[in-house]
>>> print(open('start25.pdb').read())   # PDB, C-alpha atoms, pLDDT in the B column
ATOM      1  CA  MET A   3     109.761  90.191  82.125  1.00 45.00           C
ATOM      2  CA  ALA A   4     108.571  90.591  85.700  1.00 54.00           C
ATOM      3  CA  ARG A   5     106.066  93.341  86.359  1.00 57.00           C
ATOM      4  CA  TYR A   6     107.012  95.879  88.950  1.00 55.00           C
ATOM      5  CA  GLU A   7     104.406  98.661  88.657  1.00 64.00           C
ATOM      6  CA  HIS A   8     101.930  96.788  90.835  1.00 72.00           C
ATOM      7  CA  LEU A   9     104.338  96.342  93.759  1.00 81.00           C
ATOM      8  CA  PRO A  10     103.565  98.469  96.847  1.00 89.00           C
ATOM      9  CA  ILE A  11     107.305  99.054  97.292  1.00 91.00           C
ATOM     10  CA  TYR A  12     107.541 100.433  93.753  1.00 92.00           C
ATOM     11  CA  LYS A  13     104.590 102.754  94.340  1.00 94.00           C
ATOM     12  CA  THR A  14     106.103 104.063  97.581  1.00 95.00           C
ATOM     13  CA  THR A  15     109.505 104.489  95.940  1.00 95.00           C
ATOM     14  CA  TYR A  16     107.989 106.342  92.998  1.00 96.00           C
ATOM     15  CA  ASP A  17     106.061 108.650  95.348  1.00 96.00           C
ATOM     16  CA  LEU A  18     109.262 109.344  97.274  1.00 96.00           C
ATOM     17  CA  PHE A  19     111.098 110.017  94.008  1.00 96.00           C
ATOM     18  CA  ILE A  20     108.474 112.591  92.959  1.00 97.00           C
ATOM     19  CA  ASP A  21     108.591 114.172  96.430  1.00 97.00           C
ATOM     20  CA  VAL A  22     112.377 114.477  96.212  1.00 96.00           C
ATOM     21  CA  LEU A  23     112.100 116.207  92.833  1.00 95.00           C
ATOM     22  CA  GLN A  24     109.534 118.639  94.244  1.00 95.00           C
ATOM     23  CA  VAL A  25     111.438 119.313  97.464  1.00 95.00           C
ATOM     24  CA  THR A  26     114.763 120.031  95.794  1.00 95.00           C
ATOM     25  CA  LYS A  27     113.179 122.777  93.675  1.00 93.00           C
ATOM     26  CA  THR A  28     112.942 124.854  96.836  1.00 92.00           C
ATOM     27  CA  PHE A  29     116.527 124.254  97.988  1.00 95.00           C
ATOM     28  CA  PRO A  30     118.617 127.416  98.364  1.00 95.00           C
ATOM     29  CA  LYS A  31     121.025 127.992  95.507  1.00 93.00           C
ATOM     30  CA  ASP A  32     123.981 127.072  97.728  1.00 93.00           C
ATOM     31  CA  TYR A  33     122.607 123.528  98.122  1.00 95.00           C
ATOM     32  CA  ARG A  34     120.559 122.987  94.954  1.00 91.00           C
ATOM     33  CA  TYR A  35     123.487 121.790  92.857  1.00 91.00           C
ATOM     34  CA  THR A  36     125.314 119.896  95.577  1.00 93.00           C
ATOM     35  CA  LEU A  37     122.972 118.284  98.076  1.00 96.00           C
ATOM     36  CA  GLY A  38     120.058 118.569  95.644  1.00 95.00           C
ATOM     37  CA  GLU A  39     121.909 116.616  92.957  1.00 96.00           C
ATOM     38  CA  HIS A  40     122.807 113.912  95.461  1.00 96.00           C
ATOM     39  CA  PHE A  41     119.130 113.705  96.412  1.00 96.00           C
ATOM     40  CA  HIS A  42     118.186 113.230  92.757  1.00 95.00           C
ATOM     41  CA  HIS A  43     120.805 110.571  92.117  1.00 97.00           C
ATOM     42  CA  SER A  44     119.972 108.715  95.308  1.00 96.00           C
ATOM     43  CA  ALA A  45     116.245 108.672  94.536  1.00 96.00           C
ATOM     44  CA  ILE A  46     116.899 107.511  90.959  1.00 96.00           C
ATOM     45  CA  LYS A  47     119.210 104.714  92.166  1.00 96.00           C
ATOM     46  CA  LEU A  48     116.541 103.640  94.627  1.00 95.00           C
ATOM     47  CA  LEU A  49     113.827 103.542  91.965  1.00 94.00           C
ATOM     48  CA  LYS A  50     116.051 101.607  89.558  1.00 95.00           C
ATOM     49  CA  GLN A  51     117.073  99.158  92.294  1.00 95.00           C
ATOM     50  CA  VAL A  52     113.442  98.249  93.023  1.00 93.00           C
ATOM     51  CA  TYR A  53     113.038  97.311  89.364  1.00 91.00           C
ATOM     52  CA  ILE A  54     116.351  95.419  89.312  1.00 93.00           C
ATOM     53  CA  THR A  55     115.484  93.555  92.508  1.00 92.00           C
ATOM     54  CA  ASN A  56     112.129  92.469  91.153  1.00 89.00           C
ATOM     55  CA  THR A  57     113.791  90.962  88.072  1.00 89.00           C
ATOM     56  CA  ALA A  58     116.952  89.629  89.751  1.00 89.00           C
ATOM     57  CA  ARG A  59     117.633  85.940  90.236  1.00 88.00           C
ATOM     58  CA  ASP A  60     119.580  86.598  93.441  1.00 86.00           C
ATOM     59  CA  LYS A  61     117.069  88.780  95.229  1.00 89.00           C
ATOM     60  CA  VAL A  62     118.861  88.587  98.579  1.00 92.00           C
ATOM     61  CA  GLU A  63     121.964  90.452  97.364  1.00 92.00           C
ATOM     62  CA  SER A  64     119.860  92.881  95.373  1.00 93.00           C
ATOM     63  CA  LEU A  65     117.668  93.596  98.398  1.00 94.00           C
ATOM     64  CA  LYS A  66     120.725  94.233 100.550  1.00 94.00           C
ATOM     65  CA  LEU A  67     121.856  96.829  98.019  1.00 95.00           C
ATOM     66  CA  LEU A  68     118.358  98.321  98.017  1.00 95.00           C
ATOM     67  CA  LEU A  69     118.538  98.683 101.805  1.00 96.00           C
ATOM     68  CA  CYS A  70     121.881 100.487 101.448  1.00 96.00           C
ATOM     69  CA  TYR A  71     120.318 102.960  99.010  1.00 96.00           C
ATOM     70  CA  ILE A  72     117.428 103.533 101.426  1.00 97.00           C
ATOM     71  CA  GLN A  73     119.927 104.310 104.200  1.00 97.00           C
ATOM     72  CA  GLU A  74     121.812 106.665 101.888  1.00 96.00           C
ATOM     73  CA  LEU A  75     118.654 108.621 101.122  1.00 97.00           C
ATOM     74  CA  GLY A  76     117.818 108.742 104.829  1.00 97.00           C
ATOM     75  CA  VAL A  77     121.168 110.385 105.572  1.00 97.00           C
ATOM     76  CA  LEU A  78     120.540 113.018 102.894  1.00 97.00           C
ATOM     77  CA  ILE A  79     117.051 113.732 104.235  1.00 97.00           C
ATOM     78  CA  ARG A  80     118.383 114.125 107.764  1.00 97.00           C
ATOM     79  CA  ALA A  81     121.234 116.384 106.594  1.00 97.00           C
ATOM     80  CA  ALA A  82     118.813 118.631 104.718  1.00 97.00           C
ATOM     81  CA  HIS A  83     116.646 118.890 107.822  1.00 97.00           C
ATOM     82  CA  ASP A  84     119.619 119.596 110.092  1.00 97.00           C
ATOM     83  CA  LEU A  85     120.761 122.343 107.704  1.00 96.00           C
ATOM     84  CA  LYS A  86     117.257 123.855 107.954  1.00 96.00           C
ATOM     85  CA  ILE A  87     116.673 123.300 104.234  1.00 96.00           C
ATOM     86  CA  LEU A  88     113.710 121.005 104.893  1.00 95.00           C
ATOM     87  CA  GLY A  89     110.938 122.091 107.200  1.00 95.00           C
ATOM     88  CA  ASP A  90     109.534 119.702 109.770  1.00 96.00           C
ATOM     89  CA  ASN A  91     106.457 118.757 107.710  1.00 96.00           C
ATOM     90  CA  ARG A  92     108.433 117.844 104.593  1.00 96.00           C
ATOM     91  CA  PHE A  93     111.084 116.103 106.673  1.00 97.00           C
ATOM     92  CA  PHE A  94     108.523 113.916 108.453  1.00 97.00           C
ATOM     93  CA  ALA A  95     106.733 113.111 105.179  1.00 97.00           C
ATOM     94  CA  LEU A  96     109.987 112.026 103.509  1.00 97.00           C
ATOM     95  CA  ILE A  97     111.177 110.069 106.540  1.00 97.00           C
ATOM     96  CA  GLN A  98     107.823 108.304 106.798  1.00 97.00           C
ATOM     97  CA  LYS A  99     108.098 107.120 103.176  1.00 97.00           C
ATOM     98  CA  ARG A 100     111.733 106.141 103.685  1.00 97.00           C
ATOM     99  CA  ASP A 101     110.792 104.147 106.780  1.00 97.00           C
ATOM    100  CA  SER A 102     107.985 102.455 104.865  1.00 96.00           C
ATOM    101  CA  LEU A 103     110.461 101.453 102.143  1.00 96.00           C
ATOM    102  CA  GLU A 104     112.841 100.082 104.734  1.00 96.00           C
ATOM    103  CA  LYS A 105     110.095  97.964 106.338  1.00 96.00           C
ATOM    104  CA  GLN A 106     108.897  96.658 102.969  1.00 94.00           C
ATOM    105  CA  SER A 107     112.442  95.860 101.828  1.00 94.00           C
ATOM    106  CA  THR A 108     113.283  94.141 105.100  1.00 95.00           C
ATOM    107  CA  GLY A 109     110.127  92.047 104.881  1.00 93.00           C
ATOM    108  CA  TRP A 110     110.911  91.154 101.274  1.00 89.00           C
ATOM    109  CA  LEU A 111     114.460  90.208 102.280  1.00 92.00           C
ATOM    110  CA  LYS A 112     113.284  88.041 105.188  1.00 91.00           C
ATOM    111  CA  SER A 113     110.842  86.199 102.942  1.00 88.00           C
ATOM    112  CA  PHE A 114     113.644  85.265 100.533  1.00 79.00           C
ATOM    113  CA  GLU A 115     116.092  84.381 103.291  1.00 74.00           C
ATOM    114  CA  ASN A 116     113.472  82.065 104.827  1.00 73.00           C
ATOM    115  CA  THR A 117     112.792  80.513 101.417  1.00 64.00           C
ATOM    116  CA  ALA A 118     116.515  79.963 100.897  1.00 54.00           C
ATOM    117  CA  ARG A 119     116.775  78.146 104.244  1.00 51.00           C
ATOM    118  CA  VAL A 120     113.774  75.948 103.514  1.00 41.00           C
ATOM    119  CA  CYS A 121     114.929  75.077  99.988  1.00 43.00           C
ATOM    120  CA  SER A 122     118.616  74.545 100.653  1.00 46.00           C
ATOM    121  CA  PRO A 123     119.793  70.992 101.257  1.00 45.00           C
ATOM    122  CA  VAL A 124     120.966  70.161 104.761  1.00 44.00           C
TER     123      VAL A 124
END
>>> encode(input="start25.pdb", output="structure tokens")
Amino acid sequence: MARYEHLPIYKTTYDLFIDVLQVTKTFPKDYRYTLGEHFHHSAIKLLKQVYITNTARDKVESLKLLLCYIQELGVLIRAAHDLKILGDNRFFALIQKRDSLEKQSTGWLKSFENTARVCSPV
């Protein structure tokens, strides 16, 4: 089984997951069980997808799904900030980690797309 704990993308995703759990504790009651639950589920899907991608045979498709989950979490972060649930400091910290995940995932995707082009018969 492929190891995933050593991957920088896993470490960043795990840190973001913990941050999401901490941040949603402070959500107002009106949003804790709606937006907060979506935050939890999105962060969990993201963490699971990093593991799945690392073990997948078709990493390109798995990475594309990972990028979709990153975008989904970004929308939730922005919505929480726009609703004044997240302060600027927490918003920027979460967005910075989300952006880091997007860059790492995109780089990982490009490396496999380039490998696929080199290895595929012409």
>>> atom_distance(input="start25.pdb", atom1="CA of Glu104 (chain A)", atom2="CA of Asp84 (chain A)")
21.3 Å
>>> resolve_selection(input="start25.pdb", expression="the PyMOL selection byres ((chain A and resi 62-79) around 9)", output="JSON, numbers by chain")
{"A": [37, 40, 41, 44, 45, 47, 48, 51, 52, 54, 55, 56, 58, 59, 60, 61, 80, 81, 82, 83, 84, 88, 93, 96, 97, 100, 101, 103, 104, 107, 108, 110, 111, 112, 114, 115]}
>>> closest_residue(input="start25.pdb", among="A:Ser113, A:Gln106, A:Asn91, A:Gln98", to="Leu9 (chain A)", atoms="all atoms listed in the file")
A:Gln106
>>> axis_aligned_box(input="start25.pdb", around="region 107-115 of chain A", padding_each_side="4 Å", output="JSON")
{"center_x": 113.1, "center_y": 90.1, "center_z": 102.9, "size_x": 14.0, "size_y": 19.5, "size_z": 12.7}
>>> atom_distance(input="start25.pdb", atom1="CA of Ala95 (chain A)", atom2="CA of Lys13 (chain A)")
15.1 Å
>>> closest_residue(input="start25.pdb", among="A:Thr57, A:Glu39, A:Asp32, A:Lys99", to="Tyr16 (chain A)", atoms="all atoms listed in the file")
A:Lys99
>>> atom_distance(input="start25.pdb", atom1="CA of Lys50 (chain A)", atom2="CA of Leu23 (chain A)")
15.5 Å
>>> closest_residue(input="start25.pdb", among="A:Ile11, A:Val25, A:Ile20, A:Leu85", to="Ile46 (chain A)", atoms="all atoms listed in the file")
A:Ile20
>>> closest_residue(input="start25.pdb", among="A:Leu18, A:Leu49, A:Lys86, A:Phe94", to="Tyr33 (chain A)", atoms="all atoms listed in the file")
A:Lys86
>>> decode(input="start25.pdb", residues="chain A", atoms="C-alpha atoms", output="compact mmCIF listing (two decimals), in the first residue's frame")
# COMPACT_ATOMS: atom_id res chain seq x y z
CA MET A 3 0.00 0.00 0.00
CA ALA A 4 1.30 3.43 -0.94
CA ARG A 5 2.30 5.71 1.90
CA TYR A 6 0.61 9.05 2.04
CA GLU A 7 1.56 10.55 5.43
CA HIS A 8 4.87 11.83 4.11
CA LEU A 9 3.34 13.78 1.21
CA PRO A 10 3.41 17.59 1.59
CA ILE A 11 -0.08 17.74 0.07
CA TYR A 12 -1.37 15.35 2.74
CA LYS A 13 0.20 17.42 5.51
CA THR A 14 -1.33 20.63 4.15
CA THR A 15 -4.71 18.96 3.71
CA TYR A 16 -4.61 17.56 7.24
CA ASP A 17 -3.71 20.99 8.65
CA LEU A 18 -6.59 22.54 6.72
CA PHE A 19 -8.92 19.81 8.00
CA ILE A 20 -7.96 20.56 11.62
CA ASP A 21 -8.36 24.30 10.99
CA VAL A 22 -11.85 23.73 9.58
CA LEU A 23 -12.83 21.73 12.66
CA GLN A 24 -11.54 24.50 14.92
CA VAL A 25 -13.12 27.33 12.93
CA THR A 26 -16.58 25.78 12.76
CA LYS A 27 -16.74 25.55 16.56
CA THR A 28 -17.10 29.32 16.61
CA PHE A 29 -19.82 29.51 13.94
CA PRO A 30 -23.07 31.10 15.11
CA LYS A 31 -25.81 28.59 15.85
CA ASP A 32 -27.69 29.63 12.70
CA TYR A 33 -24.79 28.41 10.54
CA ARG A 34 -23.14 25.71 12.67
CA TYR A 35 -25.41 22.91 11.48
CA THR A 36 -25.78 24.05 7.89
CA LEU A 37 -22.67 25.72 6.55
CA GLY A 38 -20.55 24.19 9.31
CA GLU A 39 -21.60 20.66 8.37
CA HIS A 40 -20.81 21.34 4.72
CA PHE A 41 -17.38 22.57 5.79
CA HIS A 42 -16.79 19.33 7.70
CA HIS A 43 -17.92 17.10 4.86
CA SER A 44 -15.93 19.03 2.29
CA ALA A 45 -12.74 18.88 4.37
CA ILE A 46 -13.22 15.14 5.00
CA LYS A 47 -13.79 14.47 1.28
CA LEU A 48 -10.64 16.42 0.50
CA LEU A 49 -8.55 14.47 3.01
CA LYS A 50 -9.90 11.14 1.76
CA GLN A 51 -9.31 12.13 -1.87
CA VAL A 52 -5.61 12.82 -1.23
CA TYR A 53 -5.28 9.27 0.10
CA ILE A 54 -7.31 7.82 -2.79
CA THR A 55 -5.28 9.76 -5.36
CA ASN A 56 -2.00 8.54 -3.93
CA THR A 57 -3.14 4.92 -4.26
CA ALA A 58 -5.08 5.25 -7.54
CA ARG A 59 -3.90 3.75 -10.80
CA ASP A 60 -5.51 6.55 -12.81
CA LYS A 61 -4.10 9.51 -10.95
CA VAL A 62 -5.16 12.04 -13.59
CA GLU A 63 -8.90 11.48 -13.05
CA SER A 64 -8.44 11.27 -9.30
CA LEU A 65 -6.47 14.53 -9.27
CA LYS A 66 -9.18 16.26 -11.29
CA LEU A 67 -11.70 15.21 -8.65
CA LEU A 68 -9.33 16.44 -5.94
CA LEU A 69 -9.18 19.84 -7.64
CA CYS A 70 -12.99 19.96 -7.68
CA TYR A 71 -13.08 19.31 -3.93
CA ILE A 72 -10.52 22.08 -3.38
CA GLN A 73 -12.72 24.49 -5.35
CA GLU A 74 -15.76 23.40 -3.34
CA LEU A 75 -14.00 24.16 -0.07
CA GLY A 76 -12.86 27.52 -1.44
CA VAL A 77 -16.47 28.49 -2.15
CA LEU A 78 -17.48 27.59 1.40
CA ILE A 79 -14.59 29.58 2.87
CA ARG A 80 -15.50 32.62 0.78
CA ALA A 81 -19.19 32.33 1.71
CA ALA A 82 -18.35 32.17 5.41
CA HIS A 83 -16.19 35.27 5.05
CA ASP A 84 -18.84 37.15 3.06
CA LEU A 85 -21.42 36.30 5.74
CA LYS A 86 -19.02 37.75 8.34
CA ILE A 87 -18.72 34.37 10.06
CA LEU A 88 -14.97 34.22 9.42
CA GLY A 89 -12.76 37.12 10.34
CA ASP A 90 -10.09 38.34 7.96
CA ASN A 91 -7.22 36.54 9.71
CA ARG A 92 -8.91 33.14 9.69
CA PHE A 93 -10.16 33.69 6.15
CA PHE A 94 -6.68 34.49 4.84
CA ALA A 95 -5.14 31.54 6.71
CA LEU A 96 -7.70 29.11 5.24
CA ILE A 97 -7.45 30.57 1.74
CA GLN A 98 -3.65 30.39 1.87
CA LYS A 99 -3.80 26.66 2.68
CA ARG A 100 -6.46 26.10 0.03
CA ASP A 101 -4.32 27.90 -2.54
CA SER A 102 -1.31 25.82 -1.53
CA LEU A 103 -3.35 22.64 -2.05
CA GLU A 104 -4.48 23.85 -5.45
CA LYS A 105 -0.88 24.56 -6.53
CA GLN A 106 0.35 21.20 -5.26
CA SER A 107 -2.52 19.32 -6.91
CA THR A 108 -2.05 21.16 -10.19
CA GLY A 109 1.67 20.38 -10.16
CA TRP A 110 0.94 16.74 -9.38
CA LEU A 111 -1.60 16.63 -12.21
CA LYS A 112 0.81 18.22 -14.71
CA SER A 113 3.52 15.72 -13.81
CA PHE A 114 1.20 12.80 -14.59
CA GLU A 115 -0.18 14.39 -17.74
CA ASN A 116 3.38 14.93 -19.00
CA THR A 117 4.27 11.33 -18.12
CA ALA A 118 1.20 10.09 -19.98
CA ARG A 119 2.24 12.02 -23.11
CA VAL A 120 5.81 10.73 -22.97
CA CYS A 121 4.76 7.11 -22.38
CA SER A 122 1.86 6.90 -24.81
CA PRO A 123 2.56 5.50 -28.26
CA VAL A 124 2.36 7.93 -31.16
